[in-house]
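K.L.:
Take a look at this one; I'll ask things after.
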Number of protein chains: 4
Amino acid sequence: MKHWIIAGPCAVESYDLFSETARAVKRAGATHLRGGLYKMRTHNASFQGLGSEGFQVVKAVKEETGLPYVCEITDPRQLAPLEEIVDCFQVGARNMHNTALLKELGRTQKPVILKRAFSAYYEEWVAAADYIRHAGNPHVILCERGIRTFETAVRNTLDLTSVVYMKLRHGLDVLVDPSHATGQKDLIPPLALAAMMAGAAGLMLEVHPRPKEALSDGPQALLPCDFHALIEQVMALYKHVPSSEKRDHSAAL
Amino acid sequence: MKHWIIAGPCAVESYDLFSETARAVKRAGATHLRGGLYKMRTHNASFQGLGSEGFQVVKAVKEETGLPYVCEITDPRQLAPLEEIVDCFQVGARNMHNTALLKELGRTQKPVILKRAFSAYYEEWVAAADYIRHAGNPHVILCERGIRTFETAVRNTLDLTSVVYMKLRHGLDVLVDPSHATGQKDLIPPLALAAMMAGAAGLMLEVHPRPKEALSDGPQALLPCDFHALIEQVMALYKHVPSSEKRDHSAAL
Amino acid sequence: MKHWIIAGPCAVESYDLFSETARAVKRAGATHLRGGLYKMRTHNASFQGLGSEGFQVVKAVKEETGLPYVCEITDPRQLAPLEEIVDCFQVGARNMHNTALLKELGRTQKPVILKRAFSAYYEEWVAAADYIRHAGNPHVILCERGIRTFETAVRNTLDLTSVVYMKLRHGLDVLVDPSHATGQKDLIPPLALAAMMAGAAGLMLEVHPRPKEALSDGPQALLPCDFHALIEQVMALYKHVPSSEKRDHSAAL
Amino acid sequence: MKHWIIAGPCAVESYDLFSETARAVKRAGATHLRGGLYKMRTHNASFQGLGSEGFQVVKAVKEETGLPYVCEITDPRQLAPLEEIVDCFQVGARNMHNTALLKELGRTQKPVILKRAFSAYYEEWVAAADYIRHAGNPHVILCERGIRTFETAVRNTLDLTSVVYMKLRHGLDVLVDPSHATGQKDLIPPLALAAMMAGAAGLMLEVHPRPKEALSDGPQALLPCDFHALIEQVMALYKHVPSSEKRDHSAAL
């Protein structure tokens with residue numbers, strides 16, 4: 001299995017919770033651990049993340065599990081401190097157009113996951129990746145997380161054509177985040193399998209052992225057991241992906 | 001293989017072409033034959049279809065291949081004449097909101113494929129199906145053909161979440177038409193496979209032996225050989241779809 | 001005042017109501033009376049209009065007020081009967097792509113108001129008007145009624161750029177319907193005035209003496225007194241529209 | 001005239017050009033001068049602005065004209081240096097969701113013009129303004145600059161309902177930027193007048209004496225003479241705005 005399976009809670013909330021979740025997603029086959037320290041929230045009164053107070057938690061949990069850690073960066077001034085604990089940076093949808101942040105990420109050599117903005121054209125997304133590359137960091141991987149359309153029954157509209165388009169027209173790899181795309185956990189597994197068949201380089205999934213207690217995004221979090229079942233299906237499916245479609249994405253880290 | 005594989009040219013253009021295409025798609029595994037007689041075109045000067053002049057062509061080709069024939073209906077006054085040659089009606093995206101047509105389709109017992117309008121909410125799509133059902137015809141199957149969003153790099157944005165949502169929230173089957181969704185033939189195969197993994201009840205695909213000569217929609221037509229390769233992949237994949245997801249859609253006809 | 005001010009209830013519900021509303025909008029300055037007989041509703045269980053049972057009501061109220069009557073047509077088979085009582089046909093947003101209906105409207109010489117579909121490109125809208133014109137009826141006037149976007153706080157997004165674009169790029173007149181665009185009656189007056197400044201050929205407004213009792217679209221109906229105040233503002237404003245922008249739209253009838 | 005009329009070139013390109021344009025817009029009635037130093041561009045190879053090298057130009061031109069200067073800020077680290085020359089900060093559409101920047105702007109007491117992101121819900125826009133206010137700066141004014149929809153004939157879709165909605169539902173003032181909304185200069189004047197009738201707190205307009213030589217956004221720049229004619233129309237119109245709608249926005253500076 002050469003794909004990325006990035007899993008973990010929406011946010012690092014406490015040592016106990018992050019450690020419990022990290023160990024569960026590792027057992028289930030995750031290749032990377034996620035969990036935000038700086039959250040981008042619509043409302044300023046919402047939970048904004050632990051910030052630097054969460055660094056010791058992350059260090060401890062990385063040591064326990066050995067999993068590389070993916071963390072969203074939301075301010076160019078966070079780069080230096082985050083570099084000590086982060087293995088892969090993530091730029092969220094709300095910051096895809098934030099060129100000051102993109103240029104700053106050219107100063108690290110760690111991979112950057114670049115999520116698509118709510119209404120970014122494919123060409124704007126590629127151009128945003130180019131900001132990072134031209135600033136000195138060639139390790140950029142895209143992430144489709146759903147776009148904003150007229151439809152209101154789901155949180156966003158997952159656009160799997162982007163996965164195919166970016167591969168065939170630009171030679172770029174795309175991860176898929178069906179958790180943010182749908183916001184409804186029972187819709188996630190079939191779309192995760194569909195994403196893999198479309199040629200996704202991997203999945204980013206929110207997992208929480210007690211979703212109702214999550215400080216953010218609970219309704220879209222998978223239980224560890226559901227995550228485990230899904231990863232088994234993905235692995236079984238992957239054996240049947242045409243070999244011409246198989247690529248080794250593990251080198252990116 | 002219990003899914004619907006509906007294939008054929010965008011429009012019935014001539015006996016020779018329709019017969020050649022029909023025999024090719026049958027050999028490749030199509031379960032239904034498509035080819036429009038009344039085309040919905042943006043511009044009134046564009047080719048509008050053969051209309052009733054194509055009836056003899058359709059009859060002859062159905063006899064040759066034994067394939068059931070799917071045909072778009074665009075006017076309530078076409079129901080009676082079309083019923084003689086059509087096995088399954090199709091309502092196009094432009095007519096999903098045409099309630100006069102929907103009500104008229106309650107007067108037949110043949111299945112109706114109801115395409116999603118360019119910007120129909122899931123709930124409007126279900127409500128359009130209900131117009132047909134409440135008028136007397138319970139045999140309605142939905143078809144996702146891409147929605148209209150801000151993105152311009154592809155013809156429409158294929159929304160595979162609709163397939164999952166309609167199954168889980170409404171118990172409705174959804175066919176997927178990746179030809180109209182993308183408008184670019186090399187994007188079709190990976191998205192067709194993704195659609196099947198999302199739980200689509202089948203595929204609707206445009207196939208043309210010489211796409212450059214097509215009077216409409218040439219750039220999105222698959223060659224018969226490409227269609228054949230895709231159907232083999234779909235069949236191989238289907239063996240690995242979790243059995244809980246397998247349903248027999250053949251009874252609908 | 002050479003612009004069209006089309007006003008009346010969403011639907012013809014009864015003689016008493018239609019007559020009362022018609023007399024009120026006439027007093028306030030309306031140039032045309034509206035009120036649907038065949039309603040396009042999302043759900044088949046919703047009120048669908050009186051149909052031909054309302055013809056006598058319409059005839060009586062036209063005679064009382066002398067106002068020309070604007071009526072939506074939803075099925076090509078309605079053309080002949082409606083032509084006896086209708087002075088101006090209306091094609092609703094849901095039928096803008098219904099080419100069978102558009103072609104049928106080429107068989108009358110009465111003006112046709114063509115509403116923009118939920119997500120129609122400007123060029124599709126012009127092409128839809130061309131279907132009517134090429135079928136023999138040159139009297140087409142467009143109507144902007146809001147488009148479908150991601151925004152959910154209002155019913156639709158009123159696009160006043162369409163008014164300017166159609167005039168400057170295509171020489172076409174556009175009416176504006178702020179009632180359907182917003183769905184919220186207190187938003188209507190400022191947008192009606194803005195529409196006139198953008199160069200609208202007139203306004204289409206829903207007026208109902210007791211909106212809470214309306215069988216459809218009550219929340220967007222203006223009271224007759226609010227309608228009166230708005231028309232006075234429009235007339236005062238119109239004196240200050242640059243004379244180069246003034247055109248006489250009354251000839252269209 | 002108590003409204004804001006913010007005008008100037010897209011970017012500060014040179015002393016000669018900025019001075020010439022500033023004097024022209026002042027003569028024509030502008031209340032504020034605009035001209036970017038840090039440009040947000042889709043492509044990293046596009047002109048990114050003069051940055052701090054343009055500070056002396058801005059100081060000189062402000063002294064010549066006495067006009068307050070509006071400047072976009074694109075990085076929280078620019079706040080301290082920009083505060084010396086800027087009278088009013090602007091957050092561009094691409095940074096409306098950039099909470100690190102919004103929070104930083106709570107540290108100044110100068111007014112902040114907050115443009116609406118490409119696909120921001122009204123409620124997200126209000127929430128972004130709240131980030132600035134809760135961080136300590138109450139002087140926030142919104143700016144509608146067009147949203148991203150399916151329509152491609154114009155650069156963006158100007159949403160004048162936002163002006164009415166923000167005033168009636170949230171008591172917030174909204175400036176309108178028809179230059180970015182349309183991207184086509186002949187569409188600007190009618191929409192500017194429409195915006196004022198909808199209740200806009202003012203206009204933001206791009207003016208350039210030789211648009212074809214502009215390093216960015218030339219096609220949407222008005223000539224000084226066209227700007228002059230438009231402002232005269234706006235002033236004439238404003239006399240006829242219902243007095244209940246008139247408010248003194250000059251206090252905001």
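Order determines the names: the first chain of the structure tokens is A, the second B, and so forth; residues in each chain are numbered 1 upward, and ligands are numbered 1 upward as they are shown.
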Fewer than 5 positions away in the same chain doesn't count, so skip those; otherwise give me all residues within 12 Å of Gly171 in chain D, counting only C-alpha atoms, as a PyMOL selection string.

P.N.:
chain D and resi 126+141-142+162-166+199+201+247

K.L.:
Please, could you write that set of residues out with all heavy atoms as a PDB file, in the first residue's frame?

P.N.:
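Below you can see out.pdb, which holds the result:
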ATOM      1  N   VAL D 126     -20.008  38.592   7.714  1.00  0.00           N
ATOM      2  CA  VAL D 126     -20.249  39.251   8.997  1.00  0.00           C
ATOM      3  C   VAL D 126     -19.301  38.670  10.055  1.00  0.00           C
ATOM      4  O   VAL D 126     -18.718  39.407  10.857  1.00  0.00           O
ATOM      5  CB  VAL D 126     -21.720  39.072   9.424  1.00  0.00           C
ATOM      6  CG1 VAL D 126     -21.936  39.587  10.839  1.00  0.00           C
ATOM      7  CG2 VAL D 126     -22.659  39.780   8.446  1.00  0.00           C
ATOM      8  N   ILE D 141     -15.867  48.326   7.487  1.00  0.00           N
ATOM      9  CA  ILE D 141     -16.891  48.591   6.483  1.00  0.00           C
ATOM     10  C   ILE D 141     -16.764  47.509   5.415  1.00  0.00           C
ATOM     11  O   ILE D 141     -15.658  47.138   5.017  1.00  0.00           O
ATOM     12  CB  ILE D 141     -16.767  50.031   5.914  1.00  0.00           C
ATOM     13  CG1 ILE D 141     -17.936  50.373   5.000  1.00  0.00           C
ATOM     14  CG2 ILE D 141     -15.447  50.263   5.230  1.00  0.00           C
ATOM     15  CD1 ILE D 141     -18.051  51.873   4.689  1.00  0.00           C
ATOM     16  N   LEU D 142     -17.880  46.950   4.990  1.00  0.00           N
ATOM     17  CA  LEU D 142     -17.848  45.848   4.030  1.00  0.00           C
ATOM     18  C   LEU D 142     -17.738  46.372   2.598  1.00  0.00           C
ATOM     19  O   LEU D 142     -18.069  47.532   2.330  1.00  0.00           O
ATOM     20  CB  LEU D 142     -19.114  45.005   4.173  1.00  0.00           C
ATOM     21  CG  LEU D 142     -19.410  44.471   5.581  1.00  0.00           C
ATOM     22  CD1 LEU D 142     -20.728  43.690   5.583  1.00  0.00           C
ATOM     23  CD2 LEU D 142     -18.283  43.572   6.071  1.00  0.00           C
ATOM     24  N   SER D 162     -26.787  42.007  -1.443  1.00  0.00           N
ATOM     25  CA  SER D 162     -25.952  42.014  -0.228  1.00  0.00           C
ATOM     26  C   SER D 162     -25.987  43.384   0.442  1.00  0.00           C
ATOM     27  O   SER D 162     -25.952  43.484   1.669  1.00  0.00           O
ATOM     28  CB  SER D 162     -24.515  41.603  -0.555  1.00  0.00           C
ATOM     29  OG  SER D 162     -23.828  42.629  -1.237  1.00  0.00           O
ATOM     30  N   VAL D 163     -26.049  44.448  -0.363  1.00  0.00           N
ATOM     31  CA  VAL D 163     -26.078  45.806   0.191  1.00  0.00           C
ATOM     32  C   VAL D 163     -27.336  46.012   1.031  1.00  0.00           C
ATOM     33  O   VAL D 163     -27.287  46.529   2.157  1.00  0.00           O
ATOM     34  CB  VAL D 163     -26.027  46.837  -0.963  1.00  0.00           C
ATOM     35  CG1 VAL D 163     -26.182  48.251  -0.420  1.00  0.00           C
ATOM     36  CG2 VAL D 163     -24.740  46.686  -1.766  1.00  0.00           C
ATOM     37  N   VAL D 164     -28.462  45.578   0.469  1.00  0.00           N
ATOM     38  CA  VAL D 164     -29.746  45.745   1.151  1.00  0.00           C
ATOM     39  C   VAL D 164     -29.816  44.838   2.376  1.00  0.00           C
ATOM     40  O   VAL D 164     -30.240  45.247   3.461  1.00  0.00           O
ATOM     41  CB  VAL D 164     -30.906  45.438   0.177  1.00  0.00           C
ATOM     42  CG1 VAL D 164     -32.240  45.713   0.855  1.00  0.00           C
ATOM     43  CG2 VAL D 164     -30.770  46.251  -1.110  1.00  0.00           C
ATOM     44  N   TYR D 165     -29.391  43.595   2.194  1.00  0.00           N
ATOM     45  CA  TYR D 165     -29.459  42.612   3.271  1.00  0.00           C
ATOM     46  C   TYR D 165     -28.612  43.037   4.478  1.00  0.00           C
ATOM     47  O   TYR D 165     -29.053  42.951   5.624  1.00  0.00           O
ATOM     48  CB  TYR D 165     -28.990  41.258   2.743  1.00  0.00           C
ATOM     49  CG  TYR D 165     -29.179  40.111   3.699  1.00  0.00           C
ATOM     50  CD1 TYR D 165     -30.339  39.339   3.673  1.00  0.00           C
ATOM     51  CD2 TYR D 165     -28.204  39.785   4.628  1.00  0.00           C
ATOM     52  CE1 TYR D 165     -30.520  38.281   4.552  1.00  0.00           C
ATOM     53  CE2 TYR D 165     -28.375  38.735   5.510  1.00  0.00           C
ATOM     54  CZ  TYR D 165     -29.534  37.976   5.467  1.00  0.00           C
ATOM     55  OH  TYR D 165     -29.711  36.929   6.337  1.00  0.00           O
ATOM     56  N   MET D 166     -27.392  43.482   4.216  1.00  0.00           N
ATOM     57  CA  MET D 166     -26.493  43.841   5.321  1.00  0.00           C
ATOM     58  C   MET D 166     -27.017  45.049   6.080  1.00  0.00           C
ATOM     59  O   MET D 166     -26.877  45.127   7.305  1.00  0.00           O
ATOM     60  CB  MET D 166     -25.090  44.116   4.783  1.00  0.00           C
ATOM     61  CG  MET D 166     -24.368  42.860   4.356  1.00  0.00           C
ATOM     62  SD  MET D 166     -24.108  41.733   5.766  1.00  0.00           S
ATOM     63  CE  MET D 166     -23.479  40.291   4.874  1.00  0.00           C
ATOM     64  N   GLY D 199     -28.536  51.496  -1.850  1.00  0.00           N
ATOM     65  CA  GLY D 199     -28.151  51.951  -0.521  1.00  0.00           C
ATOM     66  C   GLY D 199     -26.680  51.793  -0.189  1.00  0.00           C
ATOM     67  O   GLY D 199     -26.302  51.823   0.993  1.00  0.00           O
ATOM     68  N   ALA D 201     -22.860  52.454   0.660  1.00  0.00           N
ATOM     69  CA  ALA D 201     -22.215  53.531   1.419  1.00  0.00           C
ATOM     70  C   ALA D 201     -21.213  54.281   0.563  1.00  0.00           C
ATOM     71  O   ALA D 201     -20.662  55.288   1.002  1.00  0.00           O
ATOM     72  CB  ALA D 201     -21.514  52.943   2.637  1.00  0.00           C
ATOM     73  N   ARG D 247     -27.535  58.506   4.884  1.00  0.00           N
ATOM     74  CA  ARG D 247     -26.801  58.479   6.130  1.00  0.00           C
ATOM     75  C   ARG D 247     -25.439  59.110   5.894  1.00  0.00           C
ATOM     76  O   ARG D 247     -24.930  59.106   4.778  1.00  0.00           O
ATOM     77  CB  ARG D 247     -26.646  57.045   6.632  1.00  0.00           C
ATOM     78  CG  ARG D 247     -27.919  56.573   7.321  1.00  0.00           C
ATOM     79  CD  ARG D 247     -27.682  55.314   8.082  1.00  0.00           C
ATOM     80  NE  ARG D 247     -27.623  54.196   7.133  1.00  0.00           N
ATOM     81  CZ  ARG D 247     -27.303  52.959   7.519  1.00  0.00           C
ATOM     82  NH1 ARG D 247     -26.994  52.694   8.761  1.00  0.00           N
ATOM     83  NH2 ARG D 247     -27.296  51.993   6.627  1.00  0.00           N
TER      84      ARG D 247
END

K.L.:
Identify every residue of chain D that has at least one atom within 8 Å of any atom of chain C, counting only C-alpha atoms, and report the result as JSON, numbers by chain.

P.N.:
{"D": [119, 120, 121, 122, 149, 150, 151, 152, 153, 157, 158, 159, 160, 161, 164, 165, 182, 187, 190, 191, 193, 194, 195, 196, 197, 198, 199, 237, 240]}

K.L.:
Write out as number ranges by chain all residues of range 76-187 of chain D that DSSP puts in alpha helix (DSSP H) for this structure's backbone.

P.N.:
D: 79-83, 99-104, 122-134, 161-170, 178-182

K.L.:
So that I can check the surroundings of range 109-116 of chain D, please list as a list in words every protein, DNA and RNA residue that reaches within 6 Å of it, counting only C-alpha atoms and ignoring chain neighbours fewer than 2 positions away.

P.N.:
Cys88, Phe89, Gln90, Val91, Gly92, Ala93, Asn137, His139, Val140, Ile141, Leu142, Cys143 and Glu144 of chain D

K.L.:
Applying 9 Å and only C-alpha atoms, which residues near Leu82 in chain D remain after dropping the ones on its own chain fewer than 2 positions away? List them as a list of chain:residue names.

P.N.:
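Returned residues: D:Ser52, D:Phe55, D:Cys71, D:Ile73, D:Gln78, D:Leu79, D:Ala80, D:Glu84, D:Ile85, D:Val86, D:Phe89.
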
K.L.:
Could those residues be written to a file, using C-alpha atoms, as a tab-separated table (two decimals), in the first residue's frame?

P.N.:
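Output saved as part.tsv:
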chain	number	residue	atom	x	y	z
D	52	SER	CA	7.85	49.22	0.45
D	55	PHE	CA	6.10	54.28	0.22
D	71	CYS	CA	-4.24	50.32	0.72
D	73	ILE	CA	-2.75	44.61	3.33
D	78	GLN	CA	2.89	44.57	6.92
D	79	LEU	CA	0.71	46.25	9.55
D	80	ALA	CA	3.41	48.21	11.38
D	84	GLU	CA	2.72	55.11	8.68
D	85	ILE	CA	1.23	55.89	5.29
D	86	VAL	CA	-2.18	54.23	5.20
D	89	PHE	CA	-6.73	49.35	5.25

K.L.:
With a distance cut-off of 9 Å and only C-alpha atoms, select the neighbouring residues of Lys103 in chain B, excluding the residue or stretch itself and same-chain residues fewer than 4 positions from it, and output the selection as a ChimeraX atom specification.

P.N.:
/B:76,98-99,107,131-136

K.L.:
When you draw a straight line from CA of His228 in chain C to CA of Gly36 in chain C, how long is it in Å?

P.N.:
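Separation of CA of His228 in chain C and CA of Gly36 in chain C: 21.5 Å.
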
K.L.:
Please provide the set of residues having any atom within 12 Å of Gln56 in chain A, restricted to only C-alpha atoms, with same-chain residues fewer than 2 positions apart removed, written as a PyMOL selection string.

P.N.:
chain A and resi 12+14-15+18-19+37+50-54+58-63+82+84-85

K.L.:
Next, dump the selected residues to file, keeping only N, CA, C and O atoms, as a short mmCIF file (atom, residue, chain, number, x, y, z; two decimals), in the first residue's frame.

P.N.:
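Contents of out_24.cif, freshly written:
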data_model
loop_
_atom_site.label_atom_id
_atom_site.label_comp_id
_atom_site.auth_asym_id
_atom_site.auth_seq_id
_atom_site.Cartn_x
_atom_site.Cartn_y
_atom_site.Cartn_z
N VAL A 12 -6.24 18.76 17.92
CA VAL A 12 -5.62 18.19 19.11
C VAL A 12 -6.33 18.83 20.30
O VAL A 12 -6.28 20.05 20.47
N SER A 14 -6.50 17.14 23.66
CA SER A 14 -5.82 16.80 24.93
C SER A 14 -4.88 15.63 24.64
O SER A 14 -5.01 14.95 23.62
N TYR A 15 -3.94 15.39 25.55
CA TYR A 15 -3.03 14.26 25.36
C TYR A 15 -3.80 12.95 25.28
O TYR A 15 -3.60 12.14 24.38
N PHE A 18 -5.73 12.55 21.98
CA PHE A 18 -4.90 12.48 20.78
C PHE A 18 -4.14 11.16 20.76
O PHE A 18 -4.03 10.50 19.72
N SER A 19 -3.65 10.75 21.93
CA SER A 19 -2.91 9.50 22.02
C SER A 19 -3.82 8.31 21.71
O SER A 19 -3.46 7.42 20.91
N LEU A 37 -3.63 22.26 15.37
CA LEU A 37 -3.28 23.09 16.54
C LEU A 37 -3.82 24.50 16.38
O LEU A 37 -4.12 25.17 17.36
N LEU A 50 -5.34 24.53 20.29
CA LEU A 50 -4.48 24.70 21.46
C LEU A 50 -3.28 25.58 21.17
O LEU A 50 -2.64 26.10 22.09
N GLY A 51 -2.92 25.73 19.88
CA GLY A 51 -1.72 26.52 19.55
C GLY A 51 -0.48 25.87 20.12
O GLY A 51 -0.40 24.64 20.24
N SER A 52 0.48 26.70 20.51
CA SER A 52 1.78 26.15 20.94
C SER A 52 1.65 25.35 22.23
O SER A 52 2.54 24.55 22.55
N GLU A 53 0.55 25.52 22.95
CA GLU A 53 0.37 24.70 24.16
C GLU A 53 0.20 23.22 23.83
O GLU A 53 0.34 22.37 24.71
N GLY A 54 -0.09 22.91 22.56
CA GLY A 54 -0.26 21.52 22.18
C GLY A 54 1.01 20.85 21.70
O GLY A 54 1.01 19.65 21.39
N VAL A 58 1.79 16.75 20.95
CA VAL A 58 2.12 16.20 19.63
C VAL A 58 3.44 15.43 19.68
O VAL A 58 3.55 14.30 19.16
N LYS A 59 4.43 16.00 20.33
CA LYS A 59 5.74 15.31 20.42
C LYS A 59 5.60 13.95 21.08
O LYS A 59 6.14 12.95 20.61
N ALA A 60 4.87 13.93 22.16
CA ALA A 60 4.71 12.67 22.89
C ALA A 60 3.99 11.62 22.05
O ALA A 60 4.41 10.46 21.98
N VAL A 61 2.94 12.04 21.36
CA VAL A 61 2.15 11.07 20.59
C VAL A 61 2.91 10.60 19.35
O VAL A 61 2.82 9.45 18.94
N LYS A 62 3.67 11.49 18.73
CA LYS A 62 4.51 11.07 17.60
C LYS A 62 5.51 10.00 18.06
O LYS A 62 5.75 9.03 17.36
N GLU A 63 6.09 10.21 19.24
CA GLU A 63 7.08 9.26 19.75
C GLU A 63 6.43 7.90 20.02
O GLU A 63 6.98 6.86 19.67
N LEU A 82 6.58 25.67 14.18
CA LEU A 82 5.94 24.41 13.78
C LEU A 82 6.94 23.44 13.15
O LEU A 82 6.75 22.22 13.24
N GLU A 84 9.57 22.36 14.03
CA GLU A 84 10.18 21.40 14.98
C GLU A 84 9.34 20.14 15.16
O GLU A 84 9.88 19.09 15.48
N ILE A 85 8.03 20.25 15.01
CA ILE A 85 7.21 19.07 15.32
C ILE A 85 6.42 18.54 14.11
O ILE A 85 5.86 17.46 14.17
#

K.L.:
Show which residues sit within 9 Å of Cys10 in chain B, as a PyMOL selection string. Count only C-alpha atoms, and ignore same-chain residues fewer than 3 positions away.

P.N.:
chain B and resi 13+34-36+39+205-208+214-218+221

K.L.:
Measure the distance from CA of Ala30 in chain A to CA of Ser179 in chain A in Å and round it to one decimal.

P.N.:
15.2 Å

K.L.:
By how many Å are CA of Pro209 in chain A and CA of Pro68 in chain A apart?

P.N.:
20.2 Å

K.L.:
For Ile6 in chain B, which of B:Arg77, B:Lys26, B:His43, B:His97 is the closest residue, counting only C-alpha atoms?

P.N.:
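Comparing B:Arg77, B:Lys26, B:His43, B:His97 against Ile6 in chain B, the winner is B:Lys26.
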
K.L.:
So which one's closest to Arg145 in chain A, A:Ala229, A:Val70, A:Val176, A:Ala200? Using only C-alpha atoms, please.

P.N.:
A:Val176
